[in-house]
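Have a look at query-v8.txt; it's compact mmCIF, C-alpha atoms and all ligand atoms:
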```
# COMPACT_ATOMS: atom_id res chain seq x y z
CA MET A 444 12.24 18.53 -12.16
CA LYS A 445 9.95 18.29 -9.12
CA ILE A 446 9.49 15.06 -7.13
CA LEU A 447 7.01 14.59 -4.29
CA VAL A 448 7.57 11.68 -1.88
CA ILE A 449 4.57 10.70 0.25
CA GLY A 450 5.20 9.61 3.85
CA SER A 451 7.17 10.57 6.93
CA GLY A 452 9.28 7.61 8.03
CA GLY A 453 12.86 6.43 7.67
CA ARG A 454 11.97 4.80 4.34
CA GLU A 455 10.78 8.13 2.99
CA HIS A 456 13.87 10.00 4.24
CA ALA A 457 16.01 7.36 2.49
CA LEU A 458 14.01 7.77 -0.74
CA VAL A 459 14.21 11.58 -0.57
CA TRP A 460 17.97 11.37 0.18
CA LYS A 461 18.62 9.09 -2.79
CA LEU A 462 16.48 11.08 -5.21
CA ALA A 463 17.83 14.45 -3.98
CA ASN A 464 21.33 13.17 -4.83
CA ASP A 465 20.27 12.14 -8.35
CA SER A 466 22.52 13.56 -11.08
CA THR A 467 19.50 15.50 -12.45
CA GLN A 468 19.28 17.35 -9.10
CA PRO A 469 15.51 17.37 -8.77
CA GLU A 470 13.63 19.70 -6.44
CA MET A 471 12.40 17.50 -3.60
CA TYR A 472 9.11 17.74 -1.72
CA CYS A 473 7.85 15.39 0.99
CA ALA A 474 4.34 15.13 2.44
CA PRO A 475 4.34 15.34 5.39
CA GLY A 476 8.05 14.44 5.79
CA ASN A 477 10.17 14.74 8.93
CA ALA A 478 13.09 16.85 10.17
CA GLY A 479 15.47 14.87 7.90
CA THR A 480 13.51 15.37 4.68
CA ALA A 481 13.23 19.09 5.57
CA GLU A 482 17.02 19.35 5.12
CA LEU A 483 16.81 18.04 1.54
CA GLY A 484 13.71 19.79 0.23
CA LEU A 485 10.41 21.25 1.26
CA ASN A 486 8.02 19.45 3.60
CA VAL A 487 4.39 19.78 2.54
CA ASN A 488 2.02 19.84 5.51
CA LEU A 489 -0.32 17.09 4.28
CA ALA A 490 -0.82 13.69 5.93
CA ALA A 491 0.00 10.67 3.74
CA THR A 492 -3.65 9.62 4.08
CA ASP A 493 -5.03 13.03 3.03
CA LEU A 494 -5.76 11.92 -0.54
CA GLU A 495 -7.89 14.95 -1.26
CA GLY A 496 -5.19 17.37 -0.07
CA ILE A 497 -2.40 15.56 -1.96
CA CYS A 498 -4.39 15.50 -5.22
CA HIS A 499 -5.20 19.18 -4.81
CA TRP A 500 -1.52 20.03 -4.18
CA CYS A 501 -0.45 18.00 -7.23
CA ARG A 502 -3.05 19.61 -9.50
CA SER A 503 -1.69 23.01 -8.52
CA LYS A 504 2.08 22.29 -8.29
CA ARG A 505 2.27 19.68 -11.13
CA PRO A 506 5.16 17.52 -9.80
CA ASP A 507 6.95 15.49 -12.50
CA LEU A 508 6.84 12.40 -10.29
CA VAL A 509 5.10 11.27 -7.09
CA VAL A 510 6.64 8.39 -5.15
CA ILE A 511 4.25 6.88 -2.60
CA GLY A 512 5.97 5.37 0.45
CA PRO A 513 3.36 3.89 2.85
CA GLU A 514 0.72 1.25 2.22
CA ALA A 515 -2.31 3.23 3.48
CA PRO A 516 -2.51 5.74 0.60
CA LEU A 517 -1.66 3.00 -1.93
CA CYS A 518 -4.47 0.77 -0.64
CA ALA A 519 -6.80 3.78 -0.57
CA GLY A 520 -6.17 4.38 -4.29
CA LEU A 521 -3.89 7.43 -4.35
CA THR A 522 -2.11 6.17 -7.47
CA ASP A 523 -5.39 5.78 -9.37
CA ARG A 524 -6.53 9.27 -8.37
CA LEU A 525 -3.27 11.00 -9.29
CA GLU A 526 -3.07 9.16 -12.62
CA LEU A 527 -6.57 10.40 -13.46
CA ASP A 528 -5.10 13.91 -13.04
CA GLY A 529 -2.27 13.04 -15.44
CA ILE A 530 0.43 12.83 -12.73
CA ARG A 531 3.26 10.28 -13.04
CA VAL A 532 3.20 8.02 -10.00
CA PHE A 533 5.54 5.36 -8.67
CA GLY A 534 3.38 2.90 -6.72
CA PRO A 535 0.80 0.22 -7.56
CA ASN A 536 -2.85 1.04 -8.15
CA GLN A 537 -5.51 0.16 -5.60
CA ALA A 538 -6.39 -3.22 -7.12
CA ALA A 539 -2.74 -4.33 -7.12
CA ALA A 540 -2.09 -2.91 -3.62
CA GLU A 541 -4.78 -5.29 -2.34
CA LEU A 542 -1.96 -7.87 -2.11
CA GLU A 543 -1.06 -6.01 1.09
CA GLY A 544 -4.49 -4.53 1.84
CA SER A 545 -6.15 -7.94 2.33
CA LYS A 546 -4.27 -10.93 3.69
CA GLU A 547 -7.09 -13.17 2.51
CA PHE A 548 -6.86 -11.81 -1.05
CA ALA A 549 -3.09 -12.35 -1.02
CA LYS A 550 -3.49 -15.94 0.19
CA GLU A 551 -6.20 -16.67 -2.34
CA VAL A 552 -4.12 -15.30 -5.23
CA MET A 553 -1.06 -17.24 -4.01
CA ALA A 554 -3.11 -20.45 -3.80
CA SER A 555 -4.43 -19.96 -7.37
CA ALA A 556 -0.93 -19.14 -8.63
CA GLY A 557 0.73 -22.08 -6.85
CA VAL A 558 3.09 -19.76 -4.93
CA PRO A 559 4.69 -21.56 -1.96
CA THR A 560 3.07 -20.32 1.25
CA SER A 561 1.52 -21.81 4.39
CA ALA A 562 -1.93 -23.43 4.38
CA TYR A 563 -4.65 -21.10 5.67
CA ARG A 564 -8.32 -20.62 6.48
CA SER A 565 -10.13 -17.32 6.90
CA PHE A 566 -12.94 -16.56 9.35
CA THR A 567 -15.35 -13.81 10.32
CA ASP A 568 -16.85 -15.88 13.16
CA ALA A 569 -14.70 -16.11 16.31
CA ASP A 570 -16.21 -19.40 17.56
CA LYS A 571 -15.54 -21.13 14.23
CA ALA A 572 -11.99 -19.74 14.12
CA CYS A 573 -11.29 -20.88 17.69
CA ALA A 574 -12.72 -24.35 16.97
CA TYR A 575 -10.39 -24.59 13.94
CA VAL A 576 -7.40 -23.56 16.08
CA ARG A 577 -8.25 -26.10 18.79
CA LYS A 578 -8.45 -28.86 16.19
CA HIS A 579 -5.32 -27.71 14.38
CA GLY A 580 -3.08 -27.03 17.39
CA ALA A 581 -0.28 -24.52 18.01
CA PRO A 582 2.03 -22.88 17.05
CA ILE A 583 -0.25 -21.13 14.62
CA VAL A 584 -0.43 -17.65 13.09
CA VAL A 585 -3.42 -15.30 13.34
CA LYS A 586 -3.55 -12.26 11.04
CA ALA A 587 -6.06 -9.43 10.83
CA ASP A 588 -7.16 -9.35 7.20
CA GLY A 589 -6.71 -5.62 6.59
CA LEU A 590 -4.08 -2.97 7.28
CA ALA A 591 -3.26 -2.86 10.99
CA ALA A 592 -0.13 -0.68 11.06
CA GLY A 593 2.13 -3.71 11.48
CA LYS A 594 0.30 -4.87 14.64
CA GLY A 595 -2.17 -7.33 13.12
CA VAL A 596 -0.04 -10.50 13.19
CA THR A 597 0.15 -12.86 16.18
CA VAL A 598 2.50 -15.82 16.08
CA ALA A 599 0.69 -17.84 18.76
CA GLU A 600 2.76 -20.40 20.59
CA THR A 601 -0.29 -21.75 22.43
CA ILE A 602 -3.94 -22.32 21.56
CA ASP A 603 -4.93 -19.79 24.27
CA GLN A 604 -2.80 -17.07 22.62
CA ALA A 605 -4.36 -17.83 19.24
CA GLU A 606 -7.89 -17.72 20.69
CA ASP A 607 -7.13 -14.39 22.41
CA ALA A 608 -5.84 -12.93 19.14
CA ILE A 609 -8.94 -14.15 17.28
CA ARG A 610 -11.36 -12.76 19.86
CA ASP A 611 -9.46 -9.43 20.11
CA ALA A 612 -9.77 -8.96 16.35
CA LEU A 613 -13.26 -10.33 15.68
CA GLU A 614 -15.04 -9.43 18.92
CA GLY A 615 -12.86 -6.82 20.64
CA ASN A 616 -12.53 -4.52 17.61
CA ALA A 617 -8.75 -4.35 18.25
CA PHE A 618 -8.03 -3.38 14.63
CA GLY A 619 -11.34 -1.78 13.66
CA SER A 620 -12.62 -2.85 10.25
CA ALA A 621 -9.16 -4.30 9.40
CA GLY A 622 -9.89 -7.06 11.93
CA CYS A 623 -13.43 -7.99 10.84
CA ARG A 624 -11.91 -11.05 9.19
CA VAL A 625 -8.91 -13.08 10.34
CA VAL A 626 -6.63 -15.36 8.39
CA VAL A 627 -5.36 -18.35 10.39
CA GLU A 628 -2.20 -19.82 8.89
CA ASP A 629 0.12 -22.72 9.57
CA PHE A 630 3.32 -21.74 11.36
CA LEU A 631 6.34 -21.86 9.03
CA VAL A 632 9.75 -23.04 10.17
CA GLY A 633 12.90 -21.34 8.84
CA GLU A 634 14.63 -17.96 8.72
CA GLU A 635 12.86 -14.81 7.56
CA ALA A 636 14.31 -12.46 4.96
CA SER A 637 12.95 -9.82 2.63
CA ILE A 638 13.37 -9.51 -1.07
CA LEU A 639 11.89 -6.66 -3.01
CA ALA A 640 11.41 -6.40 -6.74
CA LEU A 641 10.71 -3.50 -9.05
CA ILE A 642 7.97 -4.47 -11.51
CA ASP A 643 6.90 -2.53 -14.59
CA GLY A 644 3.80 -4.58 -15.33
CA GLU A 645 5.87 -7.17 -17.21
CA ASN A 646 9.54 -7.15 -16.24
CA ILE A 647 10.86 -8.04 -12.79
CA ALA A 648 14.11 -6.68 -11.33
CA LEU A 649 15.01 -8.07 -7.92
CA LEU A 650 16.62 -5.65 -5.50
CA ALA A 651 19.34 -6.60 -3.01
CA SER A 652 18.14 -8.89 -0.23
CA SER A 653 17.88 -7.77 3.38
CA GLN A 654 16.84 -8.99 6.78
CA ASP A 655 14.76 -7.03 9.28
CA HIS A 656 14.73 -7.49 13.09
CA LYS A 657 11.11 -7.21 14.13
CA ARG A 658 11.23 -7.84 17.90
CA ILE A 659 12.02 -5.01 20.33
CA PHE A 660 14.67 -6.84 22.38
CA GLU A 661 17.93 -8.58 21.59
CA LYS A 662 17.85 -12.32 20.76
CA ASP A 663 14.51 -11.57 19.02
CA GLU A 664 12.54 -11.36 22.25
CA GLY A 665 9.61 -9.18 23.26
CA PRO A 666 6.80 -7.69 21.19
CA ASN A 667 6.93 -7.02 17.48
CA THR A 668 7.84 -3.54 16.25
CA GLY A 669 7.88 -1.87 12.85
CA GLY A 670 11.52 -3.04 12.60
CA MET A 671 14.53 -2.41 14.87
CA GLY A 672 17.21 -2.67 12.21
CA ALA A 673 18.22 -4.35 8.99
CA TYR A 674 21.24 -5.34 6.97
CA SER A 675 21.88 -6.09 3.32
CA PRO A 676 22.64 -8.45 1.67
CA ALA A 677 21.23 -11.40 3.65
CA SER A 678 23.22 -14.44 2.53
CA ILE A 679 20.30 -16.76 3.38
CA VAL A 680 18.92 -15.40 0.08
CA ASN A 681 21.52 -17.21 -2.01
CA ASP A 682 21.45 -17.70 -5.80
CA ILE A 683 19.25 -20.79 -5.52
CA VAL A 684 16.72 -18.91 -3.41
CA ARG A 685 16.82 -15.86 -5.72
CA GLU A 686 16.06 -18.04 -8.77
CA LYS A 687 13.19 -19.70 -6.92
CA VAL A 688 11.85 -16.32 -5.81
CA ILE A 689 11.72 -15.16 -9.43
CA HIS A 690 10.21 -18.33 -10.90
CA GLU A 691 8.08 -19.64 -8.01
CA VAL A 692 6.96 -16.35 -6.46
CA TYR A 693 7.11 -13.26 -8.67
CA GLU A 694 6.37 -14.75 -12.11
CA PRO A 695 3.33 -16.81 -11.03
CA ILE A 696 1.84 -14.10 -8.79
CA LEU A 697 2.09 -11.48 -11.54
CA ALA A 698 0.62 -13.90 -14.10
CA GLU A 699 -2.28 -14.68 -11.77
CA LEU A 700 -2.93 -10.99 -11.14
CA LYS A 701 -2.84 -10.35 -14.88
CA ARG A 702 -5.33 -13.18 -15.44
CA ARG A 703 -7.63 -11.23 -13.10
CA GLY A 704 -7.04 -8.00 -15.04
CA ILE A 705 -4.64 -6.48 -12.47
CA ILE A 706 -1.33 -5.07 -13.69
CA TYR A 707 1.29 -4.62 -10.96
CA LYS A 708 3.62 -1.60 -11.34
CA GLY A 709 5.84 -0.44 -8.51
CA VAL A 710 7.80 -2.26 -5.87
CA LEU A 711 6.55 -5.58 -4.49
CA TYR A 712 8.00 -6.72 -1.18
CA ALA A 713 8.02 -10.45 -0.54
CA GLY A 714 8.52 -11.37 3.11
CA LEU A 715 9.91 -14.91 2.96
CA MET A 716 10.47 -17.81 5.30
CA ILE A 717 13.43 -19.78 3.98
CA HIS A 718 14.09 -23.38 4.97
CA ASP A 719 16.64 -25.61 3.22
CA ASN A 720 16.87 -23.13 0.30
CA GLN A 721 13.10 -23.21 -0.19
CA PRO A 722 11.35 -19.83 0.13
CA SER A 723 7.72 -19.60 1.26
CA VAL A 724 5.87 -16.29 1.21
CA VAL A 725 4.91 -14.97 4.64
CA GLU A 726 3.46 -11.73 3.31
CA PHE A 727 3.43 -9.38 0.37
CA ASN A 728 3.75 -5.63 0.84
CA CYS A 729 2.94 -3.22 -1.95
CA ARG A 730 5.72 -0.80 -1.00
CA PHE A 731 9.35 -0.51 0.05
CA GLY A 732 10.12 -2.02 3.48
CA ASP A 733 11.10 0.02 6.50
CA PRO A 734 13.92 -0.26 7.70
CA GLU A 735 15.00 -2.56 4.82
CA THR A 736 14.93 0.38 2.38
CA GLN A 737 17.47 2.33 4.39
CA ALA A 738 19.92 -0.61 4.26
CA VAL A 739 19.22 -1.40 0.59
CA ILE A 740 19.33 2.19 -0.70
CA ALA A 741 22.68 2.75 1.05
CA ARG A 742 24.07 0.11 -1.34
CA TRP A 743 22.42 1.44 -4.52
CA ASN A 744 25.21 2.55 -6.84
CA GLY A 745 24.38 5.52 -9.06
CA ASP A 746 21.01 7.06 -9.80
CA MET A 747 17.76 5.42 -8.70
CA LEU A 748 15.46 7.70 -10.66
CA PRO A 749 15.97 5.97 -14.05
CA ALA A 750 14.79 2.68 -12.51
CA LEU A 751 11.68 4.30 -11.03
CA ASP A 752 10.96 5.98 -14.37
CA ALA A 753 11.42 2.66 -16.19
CA VAL A 754 8.86 1.02 -13.88
CA ILE A 755 6.31 3.65 -14.90
CA ASP A 756 7.25 3.52 -18.60
CA GLY A 757 7.37 -0.29 -18.85
CA THR A 758 11.06 -0.32 -19.82
CA LEU A 759 12.59 -1.89 -16.72
CA SER A 760 15.80 -3.88 -17.04
CA ASN A 761 18.37 -5.16 -14.57
CA ASN A 762 20.98 -2.89 -16.21
CA LEU A 763 19.38 0.08 -14.46
CA ILE A 764 20.27 -1.29 -11.05
CA ASN A 765 23.78 -1.63 -9.66
CA TRP A 766 24.86 -2.46 -6.14
CA LYS A 767 27.91 -1.41 -4.19
CA PRO A 768 29.68 -4.59 -3.13
CA GLN A 769 29.94 -3.36 0.47
CA PRO A 770 27.30 -4.63 2.89
CA SER A 771 25.18 -2.19 4.87
CA ALA A 772 23.54 -2.09 8.27
CA CYS A 773 20.76 0.10 9.65
CA VAL A 774 20.31 0.39 13.43
CA VAL A 775 16.98 1.86 14.49
CA MET A 776 16.85 4.10 17.58
CA VAL A 777 13.42 4.19 19.19
CA ALA A 778 11.65 6.18 21.88
CA GLY A 779 11.71 4.73 25.43
CA GLY A 780 8.59 2.58 25.92
CA TYR A 781 8.08 1.82 22.21
CA PRO A 782 6.23 -0.24 20.92
CA GLY A 783 4.01 0.65 23.91
CA ALA A 784 3.31 4.22 25.04
CA TYR A 785 6.16 6.72 24.59
CA SER A 786 6.84 10.44 24.89
CA LYS A 787 7.27 12.85 22.00
CA GLY A 788 8.91 16.26 21.75
CA LEU A 789 12.23 15.24 23.36
CA PRO A 790 15.24 17.16 22.01
CA ILE A 791 17.71 15.01 20.02
CA GLY A 792 21.41 15.90 20.25
CA ASN A 793 24.42 15.28 18.01
CA ILE A 794 22.77 14.11 14.77
CA ALA A 795 25.21 16.25 12.78
CA LEU A 796 28.16 14.68 14.61
CA ALA A 797 26.80 11.17 13.95
CA ASN A 798 26.47 12.02 10.25
CA GLU A 799 30.22 12.72 10.21
CA VAL A 800 31.03 9.07 10.94
CA GLN A 801 32.55 7.65 7.76
CA ASP A 802 30.12 5.97 5.29
CA THR A 803 27.19 6.74 7.57
CA VAL A 804 23.84 8.49 7.09
CA VAL A 805 21.38 9.22 9.87
CA PHE A 806 17.93 8.66 8.39
CA HIS A 807 15.19 10.36 10.37
CA ALA A 808 11.90 8.55 11.05
CA GLY A 809 9.84 9.98 13.95
CA THR A 810 11.44 13.42 14.17
CA ALA A 811 10.11 16.96 13.83
CA LEU A 812 11.47 20.49 13.91
CA GLU A 813 10.28 22.57 16.85
CA GLU A 814 11.64 26.11 16.81
CA LYS A 815 14.67 24.96 14.81
CA GLU A 816 15.38 22.13 17.28
CA ILE A 817 15.10 18.48 16.19
CA VAL A 818 12.80 16.59 18.56
CA THR A 819 11.34 13.09 18.74
CA ALA A 820 7.92 12.72 17.09
CA GLY A 821 7.32 8.98 16.81
CA GLY A 822 8.17 5.52 18.14
CA ARG A 823 10.93 4.76 15.67
CA VAL A 824 13.04 7.91 15.79
CA LEU A 825 16.17 7.41 13.65
CA GLY A 826 17.74 4.73 11.42
CA ILE A 827 21.51 5.01 11.47
CA THR A 828 22.80 3.41 8.30
CA SER A 829 26.40 2.61 7.33
CA ILE A 830 28.22 0.65 4.70
CA GLY A 831 31.51 -1.11 5.36
CA ASP A 832 34.15 -3.44 3.99
CA ASP A 833 32.20 -6.25 5.62
CA LEU A 834 29.10 -6.45 7.82
CA GLU A 835 31.15 -6.12 11.02
CA ASP A 836 32.69 -2.90 9.70
CA ALA A 837 29.28 -1.51 8.66
CA LEU A 838 27.83 -2.35 12.09
CA SER A 839 30.78 -0.90 13.93
CA LYS A 840 30.40 2.45 12.09
CA ALA A 841 26.63 2.47 12.64
CA TYR A 842 27.00 1.80 16.37
CA ILE A 843 29.68 4.50 16.77
CA ALA A 844 27.18 6.96 15.25
CA VAL A 845 24.31 5.60 17.38
CA GLU A 846 26.33 6.11 20.56
CA THR A 847 27.03 9.71 19.56
CA ILE A 848 23.31 10.58 19.45
CA SER A 849 21.45 11.44 22.63
CA TYR A 850 17.85 11.89 23.67
CA GLN A 851 16.00 10.94 26.82
CA GLY A 852 15.00 7.28 26.86
CA ALA A 853 16.80 6.39 23.61
CA PHE A 854 16.74 2.63 23.02
CA TYR A 855 18.21 0.36 20.34
CA ARG A 856 19.19 -3.25 19.84
CA ASN A 857 22.87 -4.09 20.07
CA ASP A 858 22.61 -7.28 18.00
CA ILE A 859 21.53 -6.13 14.54
CA GLY A 860 22.88 -8.60 11.97
CA HIS A 861 23.38 -11.36 14.56
CA ARG A 862 22.27 -14.22 12.27
CA GLU A 863 24.57 -13.12 9.47
CA LEU A 864 27.47 -12.60 11.89
CA ARG A 865 26.89 -16.12 13.20
CA ARG A 866 26.94 -17.47 9.63
CA ILE A 867 30.21 -15.60 8.98
CA ILE A 868 31.76 -17.03 12.17
CA ASP A 869 30.53 -20.51 11.27
CA GLY A 870 31.98 -20.04 7.76
CA LYS A 871 28.66 -20.82 6.04
N1 LIG A 901 10.09 -4.08 7.85
C1 LIG A 901 8.83 -4.65 7.62
C2 LIG A 901 7.96 -3.90 6.70
O1 LIG A 901 8.36 -2.91 6.12
O2 LIG A 901 6.82 -4.30 6.56
```
For this file, write the structure as structure tokens.
Amino acid sequence: MKILVIGSGGREHALVWKLANDSTQPEMYCAPGNAGTAELGLNVNLAATDLEGICHWCRSKRPDLVVIGPEAPLCAGLTDRLELDGIRVFGPNQAAAELEGSKEFAKEVMASAGVPTSAYRSFTDADKACAYVRKHGAPIVVKADGLAAGKGVTVAETIDQAEDAIRDALEGNAFGSAGCRVVVEDFLVGEEASILALIDGENIALLASSQDHKRIFEKDEGPNTGGMGAYSPASIVNDIVREKVIHEVYEPILAELKRRGIIYKGVLYAGLMIHDNQPSVVEFNCRFGDPETQAVIARWNGDMLPALDAVIDGTLSNNLINWKPQPSACVVMVAGGYPGAYSKGLPIGNIALANEVQDTVVFHAGTALEEKEIVTAGGRVLGITSIGDDLEDALSKAYIAVETISYQGAFYRNDIGHRELRRIIDGK
């Protein structure tokens, strides 16, 4: 059996790692992959956005399954194109992926479906958007409508910040065509967490909850990043919240999509703000989260492939998904300077040694092989992921492994899991 995973980040290394360890022992391919995926299969030198190249490769190599990691190829319609060629694909089609591809579409569908989310207005005219912000007041959230590589959201604490974000997007071309429209949303109070669900068009199976750490510095300070670490489960997503997420978020959104003729198949990521056990949707993503996937997959007990197959075949059930009771933690190591400018090509030492730490896997993100040496090749470089008897144990293993690894300018947060640790100390 041949499986091709599309993408090159930590999420994709985690997916390749899990699928490579499936009891059916599939042959793994990853396009374009990184130095970590190269250890588990064959990297295919095609960018995730090279739809033409990927379709051509699949027509010639006939993989039994393609798993699409990032949002860009999903929103560009890679699933639709591969399915036309008779290839089995895990990932929503282009119409369904629009839940991530357009913030305005997502808001409009949520409003029609009655899904709890913040009030919003969308604008293509900067003066009108700024006038709305001045009337409304701050804090307020400004989002570029389209895909902006995780950089399109500004949580503005002042009206000036909101106006700058609006003008950057609509007049300064900061996000290209993704920023030709902005969505201006009310600021939500609460604690953020992520919950992902597998969906087979009909059935919904929630995955384990997790919490990402989006800011670069400890205490959640500094600019947003793609994610500096995650842990699973996040106890803020308790049983009450999980029930509400199924009945108030997933069921109505899927019904509303269906009413519009859109069938969702794949994984749907709900970014939530939770306040007094009430979840509100901050965003939908049409893919697995990164680094949430690394933390969640580390806890997946047994094979994952049957669940992915069931999503495609419309036979999904919760019985296909089992979790290890141990919590997990993923600590992301980044390049010095990230999320601003950073160097690439720096040799990374001691990954093998770090992998020897008990219950720990070093997932590669921005890495590459240069003349058999592993070097940095991106902003987020590695995601060191451990499970433990409790969260403290998982974090302690992950940080021992992190401290083993060396490259020039390596940076990471020392406080991954801080909210959960505080809850544990407070006995909540
Ligand atoms: N960790 C945030 C995301 O995957 O979008």
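Between atom CA of A:Tyr563 and atom CA of A:Lys550 lies a distance of 7.6 Å.
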Find the residues near ligand LIG 901 (chain A). Use a cut-off of 12 Å, count only C-alpha atoms and all ligand atoms, and write them as an MDAnalysis selection string. chainID A and resid 452:455 512:514 543 590:596 635:639 653:658 667:674 711:715 725:739 773 775 823
Preceding selection exported with C-alpha atoms as a compact mmCIF listing (two decimals), keeping the file's coordinate frame:
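Final output, again.txt:
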```txt
# COMPACT_ATOMS: atom_id res chain seq x y z
CA GLY A 452 9.28 7.61 8.03
CA GLY A 453 12.86 6.43 7.67
CA ARG A 454 11.97 4.80 4.34
CA GLU A 455 10.78 8.13 2.99
CA GLY A 512 5.97 5.37 0.45
CA PRO A 513 3.36 3.89 2.85
CA GLU A 514 0.72 1.25 2.22
CA GLU A 543 -1.06 -6.01 1.09
CA LEU A 590 -4.08 -2.97 7.28
CA ALA A 591 -3.26 -2.86 10.99
CA ALA A 592 -0.13 -0.68 11.06
CA GLY A 593 2.13 -3.71 11.48
CA LYS A 594 0.30 -4.87 14.64
CA GLY A 595 -2.17 -7.33 13.12
CA VAL A 596 -0.04 -10.50 13.19
CA GLU A 635 12.86 -14.81 7.56
CA ALA A 636 14.31 -12.46 4.96
CA SER A 637 12.95 -9.82 2.63
CA ILE A 638 13.37 -9.51 -1.07
CA LEU A 639 11.89 -6.66 -3.01
CA SER A 653 17.88 -7.77 3.38
CA GLN A 654 16.84 -8.99 6.78
CA ASP A 655 14.76 -7.03 9.28
CA HIS A 656 14.73 -7.49 13.09
CA LYS A 657 11.11 -7.21 14.13
CA ARG A 658 11.23 -7.84 17.90
CA ASN A 667 6.93 -7.02 17.48
CA THR A 668 7.84 -3.54 16.25
CA GLY A 669 7.88 -1.87 12.85
CA GLY A 670 11.52 -3.04 12.60
CA MET A 671 14.53 -2.41 14.87
CA GLY A 672 17.21 -2.67 12.21
CA ALA A 673 18.22 -4.35 8.99
CA TYR A 674 21.24 -5.34 6.97
CA LEU A 711 6.55 -5.58 -4.49
CA TYR A 712 8.00 -6.72 -1.18
CA ALA A 713 8.02 -10.45 -0.54
CA GLY A 714 8.52 -11.37 3.11
CA LEU A 715 9.91 -14.91 2.96
CA VAL A 725 4.91 -14.97 4.64
CA GLU A 726 3.46 -11.73 3.31
CA PHE A 727 3.43 -9.38 0.37
CA ASN A 728 3.75 -5.63 0.84
CA CYS A 729 2.94 -3.22 -1.95
CA ARG A 730 5.72 -0.80 -1.00
CA PHE A 731 9.35 -0.51 0.05
CA GLY A 732 10.12 -2.02 3.48
CA ASP A 733 11.10 0.02 6.50
CA PRO A 734 13.92 -0.26 7.70
CA GLU A 735 15.00 -2.56 4.82
CA THR A 736 14.93 0.38 2.38
CA GLN A 737 17.47 2.33 4.39
CA ALA A 738 19.92 -0.61 4.26
CA VAL A 739 19.22 -1.40 0.59
CA CYS A 773 20.76 0.10 9.65
CA VAL A 775 16.98 1.86 14.49
CA ARG A 823 10.93 4.76 15.67
```
For atom CA of A:Leu485 and atom CA of A:Thr803, quote the distance in Å rounded to one decimal.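 Going from atom CA of A:Leu485 over to atom CA of A:Thr803, I get 23.1 Å.
Residue nearest A:Val509 within the list A:Glu699, A:Asp752, A:Asp568, A:Glu835: A:Asp752 [criterion: smallest interatomic distance, only C-alpha atoms].
If all atoms listed in the file are the atoms counted, then among A:Ile827, A:Ile859, A:Leu542, A:Leu812 the closest residue to A:Ile705 is A:Leu542.
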Near A:Asp493, within 12 Å and counting all atoms listed in the file, which residues show up once chain neighbours fewer than 5 positions away are dropped, as a ChimeraX atom specification? /A:449-450,474-475,487-488,498-500,515-517,519-521
For a cut-off of 12 Å around (31.3, 12.2, 10.6), file coordinates, pick out all residues using all atoms listed in the file and list them as a PyMOL selection string. chain A and resi 793-805+829+840-841+843-845+847
How would the residues just picked look written out with C-alpha atoms as an mmCIF file, keeping the file's coordinate frame?
```
data_model
loop_
_atom_site.group_PDB
_atom_site.id
_atom_site.type_symbol
_atom_site.label_atom_id
_atom_site.label_comp_id
_atom_site.auth_asym_id
_atom_site.auth_seq_id
_atom_site.Cartn_x
_atom_site.Cartn_y
_atom_site.Cartn_z
ATOM 1 C CA ASN A 793 24.420 15.280 18.010
ATOM 2 C CA ILE A 794 22.770 14.110 14.770
ATOM 3 C CA ALA A 795 25.210 16.250 12.780
ATOM 4 C CA LEU A 796 28.160 14.680 14.610
ATOM 5 C CA ALA A 797 26.800 11.170 13.950
ATOM 6 C CA ASN A 798 26.470 12.020 10.250
ATOM 7 C CA GLU A 799 30.220 12.720 10.210
ATOM 8 C CA VAL A 800 31.030 9.070 10.940
ATOM 9 C CA GLN A 801 32.550 7.650 7.760
ATOM 10 C CA ASP A 802 30.120 5.970 5.290
ATOM 11 C CA THR A 803 27.190 6.740 7.570
ATOM 12 C CA VAL A 804 23.840 8.490 7.090
ATOM 13 C CA VAL A 805 21.380 9.220 9.870
ATOM 14 C CA SER A 829 26.400 2.610 7.330
ATOM 15 C CA LYS A 840 30.400 2.450 12.090
ATOM 16 C CA ALA A 841 26.630 2.470 12.640
ATOM 17 C CA ILE A 843 29.680 4.500 16.770
ATOM 18 C CA ALA A 844 27.180 6.960 15.250
ATOM 19 C CA VAL A 845 24.310 5.600 17.380
ATOM 20 C CA THR A 847 27.030 9.710 19.560
#
```
